[in-house]
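A short worksheet on the structure shown next.
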Amino acid sequence: MRLCRFAAEDGAALGIVAGEEVVDLAAAGVPQEPARALDAVGGDGLAGLAASAPRLPLAEVRLLAPATPRKYLAIALNYRDHIAEMGMEAPEVPVFFNKQVSCVVGPGAEIHMPKVSTFLDYEAELAVVIGKRCRHVPAERAHEAIAGYTCANDVSVRDWQGKAQTMTIGKSFDTHGPLGPWLVTGDELGDPQSLAIRCYVEDELRQDARTAEMVFDCAQQVSHLSEAFTLEPGDVIATGTPAGVGLGRQPVRDNLLHVGETVRVEIEGIGELVNTVVEEPDGFLAG
């Protein structure tokens, strides 16, 4: 099943992507967010509700991020080729950091080039979306806690990332957490550790790998995080990026993102997440 969030007149609506149509579940009486809807009624329940729901052309729907996390966790140094391009050694335990949830945007949304930096980089990643409230999850049961998977771009402000003792601030600028285009459940996706993952800037292939190359797989990541704190439906885990980031290419300046460039993350079995870089608009003070 492919579940999406899309823009509706009164906010965000829940949909099931069926071919070139979206089954509109806005009036179905379930949470209007994929992971929480699955937790509430299950896949079979959503399929039953979809039988009599209206349909909309997918091309006419504005998709939103398929998750609205309370927690957005991301892992560093989790592909061996990326570790090598950074001149580092593989960690013995997973290295996680937070992305502030205010960074999340959806497919087609703009990525802001910050007013305070031009060291903007891309990172194609497979994202896990949690589907059950859970704690102390054994790795062999982690699939039971996962609602599904989506594409992520862990956009990074490299100079801010490098000058801080933690990576959070350089990874959390507004608009720097694109997710989408939809959530694909595990029964449809299959093995999350056997997927092709690619990133294009404009039409240039920058990253090209397989999720099998992870140091810590998706199940291990869910298990490890759940040892520390409760994971909740809708929480997002970005599972690492392969080699080919701008920071790892020469000359670095030429390979970072520039205003006007489009970034496309493609993951086998899920689809593509496309966003374009624009100048950050002027700030504001909320009244």
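Chain labels follow the order of the structure tokens: the first chain is A, the next B, and so on; residue numbering restarts at 1 in every chain, and ligands are counted from 1 in their shown order.
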
For Glu33 (chain A), please output as a list in words all residues within 10 Å (counting only C-alpha atoms; exclusion window: fewer than 4 positions along the same chain).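 These residues fall inside the cut-off: Leu3, Cys4, Arg5, Phe6, Ala12, Ala13, Leu14, Gly15, Ala37, Leu38, Ala65, Pro66, Ala67, Thr68, Pro69, Pro233 and Gly234 of chain A.
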
Dump of all heavy atoms for the selected residues, as a compact mmCIF listing (two decimals), in the first residue's frame:
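Now in out-v7.txt:
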# COMPACT_ATOMS: atom_id res chain seq x y z
N LEU A 3 0.63 5.18 0.87
CA LEU A 3 -0.19 6.16 1.56
C LEU A 3 0.44 7.54 1.45
O LEU A 3 1.66 7.68 1.55
CB LEU A 3 -0.33 5.79 3.03
CG LEU A 3 -1.08 4.49 3.32
CD1 LEU A 3 -0.88 4.07 4.76
CD2 LEU A 3 -2.56 4.66 3.02
N CYS A 4 -0.39 8.55 1.26
CA CYS A 4 0.12 9.90 1.10
C CYS A 4 -0.67 10.89 1.95
O CYS A 4 -1.75 10.59 2.44
CB CYS A 4 0.07 10.32 -0.38
SG CYS A 4 -1.60 10.56 -1.03
N ARG A 5 -0.09 12.06 2.11
CA ARG A 5 -0.79 13.23 2.62
C ARG A 5 -0.85 14.22 1.47
O ARG A 5 0.12 14.38 0.73
CB ARG A 5 -0.08 13.85 3.81
CG ARG A 5 -0.12 13.04 5.07
CD ARG A 5 0.73 13.66 6.18
NE ARG A 5 0.22 14.93 6.64
CZ ARG A 5 0.85 16.10 6.49
NH1 ARG A 5 2.03 16.17 5.87
NH2 ARG A 5 0.32 17.21 6.96
N PHE A 6 -1.98 14.89 1.33
CA PHE A 6 -2.10 15.88 0.26
C PHE A 6 -2.88 17.08 0.74
O PHE A 6 -3.62 17.02 1.73
CB PHE A 6 -2.72 15.27 -1.00
CG PHE A 6 -4.15 14.80 -0.86
CD1 PHE A 6 -5.21 15.62 -1.20
CD2 PHE A 6 -4.42 13.52 -0.39
CE1 PHE A 6 -6.53 15.19 -1.07
CE2 PHE A 6 -5.74 13.07 -0.27
CZ PHE A 6 -6.79 13.90 -0.61
N ALA A 12 -4.58 19.15 5.63
CA ALA A 12 -3.99 17.96 5.01
C ALA A 12 -4.98 16.81 5.04
O ALA A 12 -5.71 16.62 6.01
CB ALA A 12 -2.70 17.58 5.73
N ALA A 13 -4.97 16.03 3.96
CA ALA A 13 -5.86 14.87 3.87
C ALA A 13 -5.04 13.61 3.64
O ALA A 13 -3.93 13.65 3.11
CB ALA A 13 -6.87 15.06 2.73
N LEU A 14 -5.62 12.49 4.03
CA LEU A 14 -4.99 11.18 3.87
C LEU A 14 -5.46 10.55 2.57
O LEU A 14 -6.65 10.62 2.22
CB LEU A 14 -5.38 10.28 5.04
CG LEU A 14 -4.91 8.82 4.98
CD1 LEU A 14 -3.40 8.74 5.16
CD2 LEU A 14 -5.63 8.00 6.06
N GLY A 15 -4.53 9.93 1.85
CA GLY A 15 -4.91 9.27 0.61
C GLY A 15 -4.16 7.97 0.41
O GLY A 15 -3.10 7.74 0.99
N ALA A 37 -2.78 6.56 10.89
CA ALA A 37 -3.96 5.88 10.36
C ALA A 37 -3.76 4.37 10.36
O ALA A 37 -4.67 3.61 10.71
CB ALA A 37 -4.25 6.38 8.95
N LEU A 38 -2.58 3.93 9.96
CA LEU A 38 -2.28 2.49 9.99
C LEU A 38 -2.34 1.95 11.41
O LEU A 38 -2.84 0.85 11.65
CB LEU A 38 -0.90 2.23 9.39
CG LEU A 38 -0.79 2.26 7.87
CD1 LEU A 38 0.67 2.26 7.45
CD2 LEU A 38 -1.52 1.08 7.24
N ALA A 65 4.49 16.14 2.82
CA ALA A 65 5.34 15.13 3.45
C ALA A 65 4.47 14.03 4.03
O ALA A 65 3.46 14.31 4.69
CB ALA A 65 6.19 15.76 4.54
N PRO A 66 4.81 12.76 3.79
CA PRO A 66 3.96 11.65 4.24
C PRO A 66 4.09 11.33 5.72
O PRO A 66 3.48 10.37 6.19
CB PRO A 66 4.45 10.48 3.39
CG PRO A 66 5.87 10.79 3.12
CD PRO A 66 5.95 12.29 2.99
N ALA A 67 4.87 12.11 6.46
CA ALA A 67 4.99 11.92 7.90
C ALA A 67 5.08 13.28 8.57
O ALA A 67 5.64 14.23 8.00
CB ALA A 67 6.22 11.08 8.24
N THR A 68 4.52 13.37 9.77
CA THR A 68 4.60 14.58 10.58
C THR A 68 5.20 14.17 11.92
O THR A 68 4.49 14.02 12.91
CB THR A 68 3.22 15.24 10.77
OG1 THR A 68 2.32 14.28 11.33
CG2 THR A 68 2.67 15.70 9.43
N PRO A 69 6.50 13.98 11.95
CA PRO A 69 7.12 13.35 13.12
C PRO A 69 7.19 14.25 14.34
O PRO A 69 7.30 15.47 14.24
CB PRO A 69 8.54 13.04 12.62
CG PRO A 69 8.80 14.06 11.57
CD PRO A 69 7.48 14.28 10.90
N PRO A 233 4.26 6.51 16.58
CA PRO A 233 3.80 6.54 15.19
C PRO A 233 4.07 7.89 14.54
O PRO A 233 3.76 8.94 15.11
CB PRO A 233 2.30 6.27 15.31
CG PRO A 233 2.17 5.46 16.55
CD PRO A 233 3.20 6.02 17.49
N GLY A 234 4.67 7.86 13.36
CA GLY A 234 5.00 9.07 12.62
C GLY A 234 6.43 9.51 12.80
O GLY A 234 6.92 10.34 12.01

For region 119-155 of chain A versus region 103-111 of chain A, which residues have an atom no more than 12 Å away, and what is each residue's nearest atom pair and distance in Å rounded to one decimal, using only C-alpha atoms, chain-then-number order, as a tab-separated table?
residue	atom	partner	partner_atom	distance
A:Leu120	CA	A:Ile111	CA	9.8
A:Asp121	CA	A:Ile111	CA	10.8
A:Tyr122	CA	A:Ile111	CA	10.4
A:Thr150	CA	A:Pro107	CA	11.0
A:Cys151	CA	A:Pro107	CA	9.5
A:Ala152	CA	A:Gly106	CA	9.5
A:Asn153	CA	A:Val104	CA	9.9
A:Asp154	CA	A:Cys103	CA	9.8
A:Val155	CA	A:Ile111	CA	8.4

Print the selection's residues with N, CA, C and O atoms to a file, as an mmCIF file, in the first residue's frame.
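That gives us part.cif:
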data_model
loop_
_atom_site.group_PDB
_atom_site.id
_atom_site.type_symbol
_atom_site.label_atom_id
_atom_site.label_comp_id
_atom_site.auth_asym_id
_atom_site.auth_seq_id
_atom_site.Cartn_x
_atom_site.Cartn_y
_atom_site.Cartn_z
ATOM 1 N N LEU A 120 25.655 24.505 1.101
ATOM 2 C CA LEU A 120 24.457 23.674 1.153
ATOM 3 C C LEU A 120 24.700 22.363 0.403
ATOM 4 O O LEU A 120 25.142 22.363 -0.738
ATOM 5 N N ASP A 121 24.382 21.246 1.055
ATOM 6 C CA ASP A 121 24.679 19.928 0.491
ATOM 7 C C ASP A 121 23.437 19.044 0.542
ATOM 8 O O ASP A 121 22.500 19.288 1.305
ATOM 9 N N TYR A 122 23.462 17.994 -0.257
ATOM 10 C CA TYR A 122 22.378 17.014 -0.367
ATOM 11 C C TYR A 122 22.830 15.694 0.242
ATOM 12 O O TYR A 122 24.026 15.384 0.297
ATOM 13 N N THR A 150 9.969 5.838 3.089
ATOM 14 C CA THR A 150 9.855 6.912 2.116
ATOM 15 C C THR A 150 11.250 7.419 1.768
ATOM 16 O O THR A 150 12.247 6.975 2.334
ATOM 17 N N CYS A 151 11.317 8.333 0.815
ATOM 18 C CA CYS A 151 12.589 8.960 0.435
ATOM 19 C C CYS A 151 12.843 10.172 1.314
ATOM 20 O O CYS A 151 11.905 10.884 1.684
ATOM 21 N N ALA A 152 14.104 10.397 1.618
ATOM 22 C CA ALA A 152 14.497 11.573 2.392
ATOM 23 C C ALA A 152 15.703 12.236 1.753
ATOM 24 O O ALA A 152 16.519 11.581 1.096
ATOM 25 N N ASN A 153 15.805 13.530 1.949
ATOM 26 C CA ASN A 153 16.994 14.295 1.572
ATOM 27 C C ASN A 153 17.454 15.003 2.840
ATOM 28 O O ASN A 153 16.805 15.941 3.305
ATOM 29 N N ASP A 154 18.550 14.518 3.417
ATOM 30 C CA ASP A 154 19.089 15.112 4.637
ATOM 31 C C ASP A 154 19.940 16.322 4.238
ATOM 32 O O ASP A 154 21.172 16.275 4.244
ATOM 33 N N VAL A 155 19.270 17.403 3.875
ATOM 34 C CA VAL A 155 19.960 18.618 3.439
ATOM 35 C C VAL A 155 20.799 19.148 4.599
ATOM 36 O O VAL A 155 20.346 19.192 5.750
#

Among the residues of region 102-246 of chain A, find those DSSP assigns to alpha helix (DSSP H) from the backbone and print them as a list in words.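 So the alpha helix (DSSP H) residues in region 102-246 of chain A would be Arg158, Asp159, Trp160, Gln161, Gly162, Lys163, Gly186, Asp187, Glu188, Leu189, Cys218, Ala219, Gln220, Gln221, Val222, Ser223, His224, Leu225, Ser226, Glu227 and Ala228 of chain A.
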
Picked from region 16-211 of chain A by DSSP as strand (DSSP E or B), as a ChimeraX atom specification: /A:16-18,21-24,55-57,63-64,72-76,79,95-98,104-105,110-113,120-121,124-130,134,146-153,156-157,177-184,196-201,204-210

Restrict the calculation to only C-alpha atoms, then for each residue of region 147-200 of chain A with any atom at most 12 Å from an atom of region 208-215 of chain A give the closest atom pair and their distance in Å to one decimal, rows by chain and rising residue number, as a Markdown table.
| residue | atom | partner | partner_atom | distance |
| --- | --- | --- | --- | --- |
| A:Asp191 | CA | A:Ala212 | CA | 9.6 |
| A:Pro192 | CA | A:Thr211 | CA | 7.1 |
| A:Gln193 | CA | A:Ala212 | CA | 4.7 |
| A:Ser194 | CA | A:Ala212 | CA | 5.4 |
| A:Leu195 | CA | A:Thr211 | CA | 5.4 |
| A:Ala196 | CA | A:Arg210 | CA | 4.4 |
| A:Ile197 | CA | A:Ala209 | CA | 5.4 |
| A:Arg198 | CA | A:Asp208 | CA | 4.5 |
| A:Cys199 | CA | A:Asp208 | CA | 6.8 |
| A:Tyr200 | CA | A:Asp208 | CA | 9.1 |

Emit the selected residues as a compact mmCIF listing (two decimals), in the first residue's frame, including C-alpha atoms.
# COMPACT_ATOMS: atom_id res chain seq x y z
CA ASP A 191 13.35 -6.14 1.80
CA PRO A 192 14.47 -2.59 2.68
CA GLN A 193 18.09 -3.75 2.54
CA SER A 194 18.04 -4.58 -1.18
CA LEU A 195 17.03 -1.28 -2.77
CA ALA A 196 18.83 0.93 -5.27
CA ILE A 197 19.25 4.50 -4.01
CA ARG A 198 20.34 7.40 -6.21
CA CYS A 199 20.60 11.18 -6.13
CA TYR A 200 20.69 13.53 -9.10

Distance CA of Phe96 (chain A)-CA of Gly162 (chain A), one decimal place? 15.6 Å

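For the pair CA of Gln220 (chain A) and CA of His143 (chain A), the interatomic distance is 10.4 Å.
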
Report as number ranges by chain all protein, DNA and RNA residues lying within 9 Å of Pro138 (chain A), evaluated on only C-alpha atoms, omitting residues in the same chain fewer than 5 positions from it. A: 219-220, 222-224, 226

Could you write out that same residue set with C-alpha atoms as an mmCIF file, in the first residue's frame?
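Okay, this is what ended up in part_8.cif:
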data_model
loop_
_atom_site.group_PDB
_atom_site.id
_atom_site.type_symbol
_atom_site.label_atom_id
_atom_site.label_comp_id
_atom_site.auth_asym_id
_atom_site.auth_seq_id
_atom_site.Cartn_x
_atom_site.Cartn_y
_atom_site.Cartn_z
ATOM 1 C CA ALA A 219 16.040 -3.073 11.977
ATOM 2 C CA GLN A 220 19.207 -2.508 13.991
ATOM 3 C CA VAL A 222 15.039 0.917 15.228
ATOM 4 C CA SER A 223 16.151 -1.503 17.927
ATOM 5 C CA HIS A 224 19.062 0.687 19.044
ATOM 6 C CA SER A 226 14.187 2.093 21.162
#

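Here CA of Ile83 (chain A) is placed at a distance of 22.0 Å from CA of His176 (chain A).
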
With only C-alpha atoms as the atoms that count, which of A:Pro281, A:Pro94, A:Pro57, A:Pro181 lies nearest to Asp217 (chain A)?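 Closest to Asp217 (chain A), using only C-alpha atoms: A:Pro94.
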
At a cut-off of 9 Å, using only C-alpha atoms, what residues contact Glu89 (chain A)? Leave out same-chain residues fewer than 3 positions from it and give the result as a list in words.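 Final neighbour list, sorted by chain and number: Leu77, Arg80, Ile83, Ala84 and Met86 of chain A.
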